[in-house]
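J.: Below is one structure. I have some questions about it.
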Amino acid sequence: MHRSEWLLNLILIVVVTVGLGFHAGWALTPLLALFLWGYIGQADAGLVRALRSWAGRSLVRSALPLVALWGLFAVSQAVAGTSSIKALLTVLLYLLAPWALVQLHVRLSRGRDARLTVPLLLAIACLWLPIEIGLLPALKLPSERGVPVSHLLGLVAALYLFQVVARLEGMGYTFRLGAKDWSASTVYFAVFAAVIGVPLAVSLDFITSSTQVQAVWNWPLLGL
C-alpha cells in the first residue's frame with residue numbers, strides 16, 4: 001500500500017468516525033471505525049492485490065476475511081447488549097451464501113473471460129435483498145442515531161467478494177482524486193444541482209428553508 005494512499009484512507013476514516021461521533025455519540029465509535037476501514041481500505045489497489053495474493057484459490061483463506069467481518073459484528077452486538085444466536089446465524093449465512101456463489105462463479109469461469117454468470121447474479125441478490133426487506137439485525141453504530149450495520153456488512157462484503165474473490169476486471173475505486181477529477185465533479189454536480197437536483201428536491205419538499213443553524217460538524221451528515 002502506498003504511504004500516501006494509506007494516510008488518505010486513515011484520514012477519511014477518522015473524519016467520518018469523528019463526524020458520526022459528534023452526531024450520534026461516542027459509545028461504539030472504535031467498532032464503527034473498523035467497519036469503515038473495511039470499506040475505505042479496499043479503495044487501495046495495493047491492498048486488494050495483497051488480499052488476492054494471500055487468498056489465492058484457497059477456499060478457507062478466501063472465507064477468513066468474511067468470518068472476521070462476522071466476528072466484528074458479533075463483538076458489536078455483544079457490546080451493544082443486543083446479542084442473540086438468531087442474529088449471529090443470520091449474519092453468518094448472509095456473508096457465506098454469496099461467498100459460496102462467487103466461488104461457484106470463479107470455478108465456472110476458470111480459464112475463460114470473466115462474465116456475468118448466474119451464480120454472480122444470485123450473489124448480488126443475496127447481498128441486496130436481505131437488506132432491502134429487513135432480514136438483517138437492526139443494530140446501528142455508534143448508536144441508534146448512527147449507521148445501520150447491515151449496510152456496512154453488505155458494502156464491505158460486496159467489495160471484498162467482487163474485487164478479491166471474483167477478481168472482476170475494471171472494478172475498483174479510489175479516494176485519491178486529482179485536480180481534473182475535482183474540477184469535473186464540481187462542474188457536473190453544479191449542473192445537476194441547478195437543473196435537476198434542487199428544483200426536484202424543492203418540489204418534493206425534500207429541501208425546506210429553516211432559520212435554525214446546525215453545528216458545523218453536522219453539515220456533511222445532514223447533506224448525506
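Convention: chains lettered A, B, ... in C-alpha cells order; per-chain residue numbering from 1; ligands numbered from 1 as shown.
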DSSP says strand (DSSP E) for which residues of chain A? Put them as a PDB file with C-alpha atoms, in the first residue's frame?

T.:
```
ATOM      1  CA  LYS A 140     -26.652   0.699  14.361  1.00  0.00           C
ATOM      2  CA  LEU A 141     -23.249   2.195  15.119  1.00  0.00           C
ATOM      3  CA  VAL A 147     -25.310   3.919  10.547  1.00  0.00           C
ATOM      4  CA  PRO A 148     -27.094   0.553  10.116  1.00  0.00           C
TER       5      PRO A 148
END
```

J.: Any idea what's packed within 9 Å of Ile13 (chain A), counting only C-alpha atoms, ignoring anything in its chain fewer than 4 positions away? Could you give it as a VMD selection string?

T.: chain A and resid 8 to 9 17 to 18 33 to 34 36 to 37 40 to 41

J.: Based on the selection just made, write C-alpha atoms of those residues as a short mmCIF file (atom, residue, chain, number, x, y, z; two decimals), in the first residue's frame.

T.:
```
data_model
loop_
_atom_site.label_atom_id
_atom_site.label_comp_id
_atom_site.auth_asym_id
_atom_site.auth_seq_id
_atom_site.Cartn_x
_atom_site.Cartn_y
_atom_site.Cartn_z
CA LEU A 8 -5.56 9.39 2.99
CA ASN A 9 -7.67 6.37 3.89
CA THR A 17 -15.87 8.45 12.57
CA VAL A 18 -15.46 11.74 14.43
CA ALA A 33 -14.03 2.77 12.59
CA LEU A 34 -13.17 -0.89 11.95
CA LEU A 36 -15.26 1.87 7.86
CA TRP A 37 -11.72 0.59 7.39
CA ILE A 40 -12.37 2.65 2.76
CA GLY A 41 -9.33 0.39 2.99
#
```

J.: Go through A:Tyr173, A:Tyr94, A:Tyr39, A:Phe162 and flag the residue nearest Cys126 (chain A), using only C-alpha atoms for the distances.

T.: A:Tyr94

J.: Residues of region 37-215 of chain A classed as helix (DSSP H, G or I) by DSSP on the backbone are to be reported as number ranges by chain.

T.: A: 37-43, 45-55, 59-80, 85-108, 118-132, 149-165, 179-203

J.: Looking at only C-alpha atoms, which of A:Gly81, A:Leu161, A:Leu47, A:Val156 is the one that sits closest to Pro98 (chain A)?

T.: A:Leu161

J.: Go ahead and compute the interatomic distance for CA of Val198 (chain A) and CA of Asp181 (chain A), in Å to one decimal.

T.: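 Straight-line distance from CA of Val198 (chain A) to CA of Asp181 (chain A) works out to 22.7 Å.
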
J.: Within 9 Å of Trp26 (chain A), counting only C-alpha atoms, which residues show up once you throw out same-chain ones fewer than 6 positions away? Write them as a VMD selection string, please.

T.: chain A and resid 18 20 142 to 143

J.: Find the residues around Ala27 (chain A) up to 10 Å (only C-alpha atoms counted), leave out those fewer than 3 positions away in its own chain, and share them as a list of chain:residue names.

T.: A:Gly21, A:Ala24, A:Pro30, A:Leu31, A:Leu32, A:Val79, A:Ala80, A:Leu141, A:Pro142, A:Ser143

J.: Just write the chosen residues, N, CA and C atoms, as a short mmCIF file (atom, residue, chain, number, x, y, z; two decimals), in the first residue's frame.

T.:
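File produced: result_14.cif:
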```
data_model
loop_
_atom_site.label_atom_id
_atom_site.label_comp_id
_atom_site.auth_asym_id
_atom_site.auth_seq_id
_atom_site.Cartn_x
_atom_site.Cartn_y
_atom_site.Cartn_z
N GLY A 21 -19.43 10.50 15.48
CA GLY A 21 -19.36 10.56 16.94
C GLY A 21 -20.04 11.80 17.48
N ALA A 24 -23.93 11.19 16.60
CA ALA A 24 -24.70 10.09 17.18
C ALA A 24 -24.16 9.55 18.49
N PRO A 30 -15.10 3.09 18.07
CA PRO A 30 -13.98 2.25 17.60
C PRO A 30 -14.44 1.10 16.70
N LEU A 31 -15.58 0.50 17.03
CA LEU A 31 -16.11 -0.58 16.19
C LEU A 31 -16.57 -0.03 14.85
N LEU A 32 -17.17 1.14 14.87
CA LEU A 32 -17.57 1.78 13.62
C LEU A 32 -16.35 2.04 12.74
N VAL A 79 -21.28 -5.87 22.71
CA VAL A 79 -21.01 -4.61 23.40
C VAL A 79 -22.28 -3.76 23.49
N ALA A 80 -23.11 -3.83 22.44
CA ALA A 80 -24.36 -3.07 22.44
C ALA A 80 -25.44 -3.71 23.30
N LEU A 141 -24.47 1.70 14.48
CA LEU A 141 -23.25 2.19 15.12
C LEU A 141 -23.04 3.66 14.77
N PRO A 142 -22.57 4.48 15.71
CA PRO A 142 -22.17 4.13 17.08
C PRO A 142 -23.32 4.11 18.08
N SER A 143 -24.54 4.45 17.62
CA SER A 143 -25.71 4.43 18.49
C SER A 143 -26.94 4.28 17.60
#
```

J.: When you look at region 130-137 of chain A with a cut-off of 7 Å (counting only C-alpha atoms), what residues show up, excluding the ones that are within fewer than 3 positions of it in the same chain? I need them as a short mmCIF file (atom, residue, chain, number, x, y, z; two decimals) with N, CA and C atoms, in the first residue's frame.

T.:
```
data_model
loop_
_atom_site.label_atom_id
_atom_site.label_comp_id
_atom_site.auth_asym_id
_atom_site.auth_seq_id
_atom_site.Cartn_x
_atom_site.Cartn_y
_atom_site.Cartn_z
N ALA A 87 -29.53 -13.79 15.42
CA ALA A 87 -28.89 -12.71 14.66
C ALA A 87 -27.51 -13.14 14.16
N THR A 90 -27.95 -15.57 11.31
CA THR A 90 -28.48 -14.87 10.13
C THR A 90 -27.36 -14.14 9.39
N VAL A 91 -26.53 -13.43 10.14
CA VAL A 91 -25.44 -12.67 9.51
C VAL A 91 -24.39 -13.62 8.93
N CYS A 126 -28.30 -12.01 -3.13
CA CYS A 126 -28.14 -12.42 -1.72
C CYS A 126 -27.59 -11.28 -0.86
N LEU A 127 -26.81 -10.41 -1.45
CA LEU A 127 -26.27 -9.28 -0.71
C LEU A 127 -27.28 -8.15 -0.58
N SER A 150 -26.09 -3.40 9.01
CA SER A 150 -26.42 -4.24 7.85
C SER A 150 -25.89 -3.62 6.56
#
```

J.: Grab the CA of Leu152 (chain A) to CA of Gly38 (chain A) distance for me, in Å with one decimal place.

T.: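 Going from CA of Leu152 (chain A) over to CA of Gly38 (chain A) covers 8.7 Å.
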
J.: Kindly indicate which residue among A:Ala138, A:Leu28, A:Ser84, A:Ala166 lies nearest to Ser109 (chain A), using only C-alpha atoms for the distances.

T.: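 The shortest atom-to-atom distance to Ser109 (chain A) comes from A:Ala166.
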
J.: Do you have the CA of Ala184 (chain A)-CA of Ala45 (chain A) distance handy?

T.: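 Computing it gives 22.9 Å between the two atoms.
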
J.: Have a look at A:Phe192, A:Phe206, A:Phe22, A:Trp99 and name the one nearest to Arg61 (chain A); count only C-alpha atoms.

T.: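 Ranking A:Phe192, A:Phe206, A:Phe22, A:Trp99 by distance to Arg61 (chain A), first place goes to A:Trp99.
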
J.: Give the answer as one residue: which of A:Leu101, A:Ala157, A:Val195, A:Leu89 has the shortest atom-to-atom distance to Leu121 (chain A), using only C-alpha atoms?

T.: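 Answer, going by the shortest atom-to-atom distance: A:Leu101.
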